[in-house]
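Below is one structure, written out as structure tokens; the observations come after it.
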Amino acid sequence: MNYRIIYIIIFLIFCAQTSFAQQPFTFAKTDEPVSVWKALAWDILPGGGHIYTGYYEYAAIFAGLKISGVYAIYYYYNYWHYRGSLYRSAKKANQAIDPEHDLLFKDPEGGYKTVKEFGYAYDRAAHYFTLSIVANAAIYVTSWLFTWYHVQDINENRQPTYVGFNDFTVTTDKQRTMWVACTMRW
Amino acid sequence: MNLKIKSIILFLAIALATGCLHEPVDEDYYNDISKVKGGQKPTPPVDLSINIIEHTITLQFYTDKLGNGNLITYDPDTGSNENLYYLVYISAENPANFTDPKLYYDIRYYVGYVAETDFEEDVDPKTVTIQISSSYHGPVYLWMTSHDGGRESDHSTVISSYIP
């Protein structure tokens, strides 16, 4: 028996089994594609998205930036309230001590300030707080962009998984040559 | 690095991070004269008088007068007037008509200042001269204050005259 006949028989048995049973088949696959949405969701945590995609150096950098960023928001939120309390206290004291003059009050951060200058410092603190929020948003967006890019990069290098059904037609010609036609849909 | 050292570093980092935070101050935080530059406000010069010759005003004032054995013009924080500056204000408008008492100390009426140390010790009255534009004809109102480098006194009595 020719070895080619053995191959054909095996192939036919395989085809018959899959074709008549209409079982789905899959190509051999490497890894599952990485989900962008899962990666982005993980990236809400400091470095989470980068750990999920396996970019640990990015994870360390963005984890550091995000933790610092959140701390900066908390710090400037407190600082804003602190400057506000100084402003209100100075305003009240100026009114109580000498309303006709702009008194100079000792600023705990150094020097002396009038009530108006305390007001400016209060406004500046509000700006710092706003900027810390903007900076955090920028860090998150940058981190998400890197995560998205890394996911795309990973998925490009991974073979997609195809699932479909086959349909075989076996014919023979006058020269007794067997032909097998295969149609796949997925 | 063992766990103990790691725990100490973490604790120090948290302590540093929380220690840097600012806590809001109490509403009465500045209701304390020691937190006001200049402390107590000084008292103003007294007994102002003016003499106008053409458009030159000669302003006389007293700062070394005694009342009950104490100086009348002085800084309560030092008990003397050696650290005081005397500010001169002038207006063509009667300050009695000012809508806001703060205008007595407004920069727009401020002419200049002299220091107590610019004069000979214990010599009164002290004199300053002010040159008015020759085109001006009308009333002039003058008043003075003292300044200790931090706080300004209440204004002196306002004196007035007329430039014909």
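As shown in the structure tokens, the chain order sets the letters A, B, ...; within each chain, residues go from 1, and ligands are also counted from 1 in the order they appear.
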Taking the DSSP assignment computed from this structure's backbone, write out as a list in words all residues of segment 91-148 of chain B that belong to strand (DSSP E or B).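 So the strand (DSSP E or B) residues in segment 91-148 of chain B would be Ser91, Tyr110, Val111, Gly112, Tyr113, Val114, Ala115, Lys126, Thr127, Val128, Thr129, Ile130, Gln131, Gly138, Pro139, Val140, Tyr141, Leu142, Trp143, Met144, Thr145, Ser146 and His147 of chain B.
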Show me, as a ChimeraX atom specification, the residues of chain B whose atoms get within 9 Å of chain A, using only C-alpha atoms for the distance check. /B:17-18,20-38,100-105,150-154
Just C-alpha atoms for this one: save the residues we selected as a short mmCIF file (atom, residue, chain, number, x, y, z; two decimals), in the first residue's frame.
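Writing done, so here's out22.cif:
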```cif
data_model
loop_
_atom_site.label_atom_id
_atom_site.label_comp_id
_atom_site.auth_asym_id
_atom_site.auth_seq_id
_atom_site.Cartn_x
_atom_site.Cartn_y
_atom_site.Cartn_z
CA ALA B 17 3.63 62.59 53.62
CA THR B 18 1.07 63.33 56.33
CA CYS B 20 3.70 67.91 55.15
CA LEU B 21 -0.03 68.53 55.10
CA HIS B 22 -1.43 71.86 56.31
CA GLU B 23 -4.25 71.91 58.78
CA PRO B 24 -6.69 74.86 58.56
CA VAL B 25 -6.23 77.43 61.30
CA ASP B 26 -8.82 78.58 63.77
CA GLU B 27 -10.98 81.63 62.94
CA ASP B 28 -9.35 83.57 65.77
CA TYR B 29 -5.83 82.64 64.75
CA TYR B 30 -4.96 86.24 63.82
CA ASN B 31 -6.91 87.81 66.63
CA ASP B 32 -3.57 88.15 68.37
CA ILE B 33 -1.64 91.40 68.27
CA SER B 34 1.69 89.55 68.31
CA LYS B 35 0.90 88.28 64.80
CA VAL B 36 0.38 91.84 63.51
CA LYS B 37 3.39 93.65 62.11
CA GLY B 38 4.09 96.64 64.31
CA ASP B 100 -14.90 105.87 53.51
CA PRO B 101 -12.67 106.54 56.55
CA LYS B 102 -9.96 104.48 54.86
CA LEU B 103 -9.47 107.38 52.43
CA TYR B 104 -7.65 109.29 55.18
CA TYR B 105 -4.80 106.85 54.60
CA GLY B 150 4.38 98.03 60.65
CA ARG B 151 1.33 99.94 61.66
CA GLU B 152 0.00 103.39 60.97
CA SER B 153 -1.62 105.53 63.62
CA ASP B 154 -5.01 107.12 63.41
#
```
One decimal, in Å: what's the spacing between atom CA of Pro95 of chain B and atom CA of His137 of chain B?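 Interatomic distance, atom CA of Pro95 of chain B to atom CA of His137 of chain B: 17.9 Å.
With only C-alpha atoms as the basis for measurement, B:Thr56 is the residue among B:Asn51, B:Gln40, B:Thr56, B:Thr63 that approaches Ile130 of chain B most closely.
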Quick one: contact table of segment 104-177 of chain A to segment 31-50 of chain A, 10 Å max, nearest atom pair and distance in Å to one decimal per residue, counting only C-alpha atoms, chain and number order, as a Markdown table?
```
| residue | atom | partner | partner_atom | distance |
| --- | --- | --- | --- | --- |
| A:Tyr140 | CA | A:Ile44 | CA | 7.8 |
| A:Ser143 | CA | A:Asp43 | CA | 7.4 |
| A:Trp144 | CA | A:Leu40 | CA | 6.1 |
| A:Leu145 | CA | A:Leu40 | CA | 9.0 |
| A:Phe146 | CA | A:His50 | CA | 8.3 |
| A:Thr147 | CA | A:Gly49 | CA | 6.0 |
| A:Trp148 | CA | A:Val36 | CA | 6.3 |
| A:Tyr149 | CA | A:Val36 | CA | 9.4 |
| A:His150 | CA | A:His50 | CA | 8.3 |
| A:Val151 | CA | A:Val36 | CA | 6.2 |
| A:Gln152 | CA | A:Val36 | CA | 8.0 |
| A:Asp153 | CA | A:Val34 | CA | 9.9 |
| A:Ile154 | CA | A:Val34 | CA | 7.3 |
| A:Asn155 | CA | A:Pro33 | CA | 5.3 |
| A:Glu156 | CA | A:Pro33 | CA | 8.7 |
| A:Asn157 | CA | A:Pro33 | CA | 9.2 |
| A:Arg158 | CA | A:Asp31 | CA | 6.3 |
| A:Gln159 | CA | A:Asp31 | CA | 7.2 |
| A:Pro160 | CA | A:Pro33 | CA | 7.2 |
| A:Thr161 | CA | A:Glu32 | CA | 7.7 |
```
By how many Å are atom CA of Ala60 of chain A and atom CA of His127 of chain A apart? 28.7 Å
Fewer than 2 positions away in the same chain doesn't count, so skip those; otherwise give me all residues within 9 Å of segment 119-125 of chain B, counting only C-alpha atoms, as a CSV table (one decimal) with N, CA and C atoms, in the first residue's frame.
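So result.csv came out as:
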```
chain,number,residue,atom,x,y,z
B,47,ASP,N,-1.1,119.0,67.5
B,47,ASP,CA,-1.0,120.4,67.4
B,47,ASP,C,-0.4,120.9,66.0
B,60,GLN,N,3.8,122.8,60.7
B,60,GLN,CA,4.5,122.5,62.0
B,60,GLN,C,3.7,121.5,62.8
B,61,PHE,N,4.4,120.7,63.5
B,61,PHE,CA,3.7,119.6,64.3
B,61,PHE,C,4.6,119.3,65.5
B,62,TYR,N,4.0,118.7,66.5
B,62,TYR,CA,4.7,118.3,67.8
B,62,TYR,C,4.7,116.8,67.9
B,63,THR,N,5.8,116.3,68.3
B,63,THR,CA,5.9,114.8,68.6
B,63,THR,C,6.5,114.6,70.0
B,64,ASP,N,7.0,115.6,70.6
B,64,ASP,CA,7.7,115.3,71.9
B,64,ASP,C,7.0,115.9,73.1
B,65,LYS,N,5.7,116.3,72.8
B,65,LYS,CA,4.9,116.8,73.9
B,65,LYS,C,4.6,115.7,75.0
B,114,VAL,N,8.6,112.1,56.9
B,114,VAL,CA,9.9,112.4,57.6
B,114,VAL,C,10.0,111.5,58.8
B,115,ALA,N,11.2,111.2,59.2
B,115,ALA,CA,11.5,110.4,60.4
B,115,ALA,C,11.8,111.2,61.6
B,116,GLU,N,11.4,110.6,62.7
B,116,GLU,CA,11.8,111.3,64.0
B,116,GLU,C,13.3,111.6,64.1
B,117,THR,N,14.0,110.7,63.5
B,117,THR,CA,15.5,110.9,63.6
B,117,THR,C,16.0,111.9,62.6
B,127,THR,N,9.2,121.0,61.7
B,127,THR,CA,8.7,121.7,60.6
B,127,THR,C,9.0,121.0,59.3
```
So what do you get for atom CA of Gly39 of chain B versus atom CA of Asp148 of chain B, distance-wise?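 Taking atom CA of Gly39 of chain B and atom CA of Asp148 of chain B, their separation equals 9.2 Å.
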As JSON, numbers by chain, please: all residues of segment 68-139 of chain A that backbone DSSP puts in alpha helix (DSSP H). {"A": [68, 69, 70, 71, 72, 73, 74, 75, 76, 77, 78, 79, 80, 81, 82, 83, 84, 85, 86, 87, 88, 89, 90, 91, 92, 93, 94, 95, 96, 97, 115, 116, 117, 118, 119, 120, 121, 122, 123, 124, 125, 126, 127, 128, 129, 130, 131, 132, 133, 134, 135, 136, 137, 138, 139]}
Can you spit out the residues from that selection as a short mmCIF file (atom, residue, chain, number, x, y, z; two decimals), in the first residue's frame, using C-alpha atoms?
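Result file follows (again.cif):
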```
data_model
loop_
_atom_site.label_atom_id
_atom_site.label_comp_id
_atom_site.auth_asym_id
_atom_site.auth_seq_id
_atom_site.Cartn_x
_atom_site.Cartn_y
_atom_site.Cartn_z
CA SER A 68 2.46 61.09 43.66
CA GLY A 69 -0.38 62.64 41.69
CA VAL A 70 -3.05 61.48 44.10
CA TYR A 71 -0.95 62.69 46.99
CA ALA A 72 -0.52 66.05 45.23
CA ILE A 73 -4.31 66.40 44.92
CA TYR A 74 -4.75 65.61 48.60
CA TYR A 75 -1.90 67.92 49.57
CA TYR A 76 -3.15 70.89 47.54
CA TYR A 77 -6.73 70.31 48.65
CA ASN A 78 -5.52 70.65 52.23
CA TYR A 79 -3.32 73.60 51.30
CA TRP A 80 -6.23 75.35 49.62
CA HIS A 81 -8.37 75.00 52.75
CA TYR A 82 -5.43 76.06 54.88
CA ARG A 83 -4.87 79.27 52.86
CA GLY A 84 -8.61 79.89 52.98
CA SER A 85 -8.63 79.64 56.76
CA LEU A 86 -5.70 82.08 56.99
CA TYR A 87 -7.49 84.52 54.70
CA ARG A 88 -10.75 84.36 56.66
CA SER A 89 -8.96 84.64 59.97
CA ALA A 90 -6.93 87.67 58.80
CA LYS A 91 -10.02 89.33 57.39
CA LYS A 92 -11.91 88.88 60.63
CA ALA A 93 -8.96 90.07 62.72
CA ASN A 94 -8.37 93.15 60.55
CA GLN A 95 -12.00 94.07 60.97
CA ALA A 96 -11.81 93.56 64.72
CA ILE A 97 -8.45 95.20 65.42
CA VAL A 115 -5.82 90.61 53.89
CA LYS A 116 -5.81 91.29 50.15
CA GLU A 117 -2.50 89.45 49.76
CA PHE A 118 -3.88 86.54 51.79
CA GLY A 119 -6.74 86.51 49.31
CA TYR A 120 -4.28 86.25 46.42
CA ALA A 121 -2.46 83.41 48.17
CA TYR A 122 -5.82 81.68 48.65
CA ASP A 123 -6.54 82.03 44.93
CA ARG A 124 -3.10 80.68 44.07
CA ALA A 125 -3.71 77.66 46.30
CA ALA A 126 -6.97 77.03 44.42
CA HIS A 127 -5.01 77.16 41.16
CA TYR A 128 -2.46 74.67 42.50
CA PHE A 129 -5.30 72.34 43.43
CA THR A 130 -6.83 72.68 39.97
CA LEU A 131 -3.45 72.11 38.33
CA SER A 132 -2.88 68.97 40.42
CA ILE A 133 -6.19 67.59 39.12
CA VAL A 134 -5.26 68.48 35.54
CA ALA A 135 -1.82 66.89 35.99
CA ASN A 136 -3.45 63.71 37.31
CA ALA A 137 -5.81 63.61 34.37
CA ALA A 138 -2.83 64.01 32.03
CA ILE A 139 -0.97 61.18 33.78
#
```
Near His147 of chain B, within 9 Å and counting only C-alpha atoms, which residues show up once chain neighbours fewer than 5 positions away are dropped, as a PyMOL selection string? chain B and resi 38+41-44+75+83-87+152-153
Pick from B:Ile159, B:Ile57, B:Val46, B:Ile8 nearest to Asn94 of chain B, counting only C-alpha atoms: B:Ile159
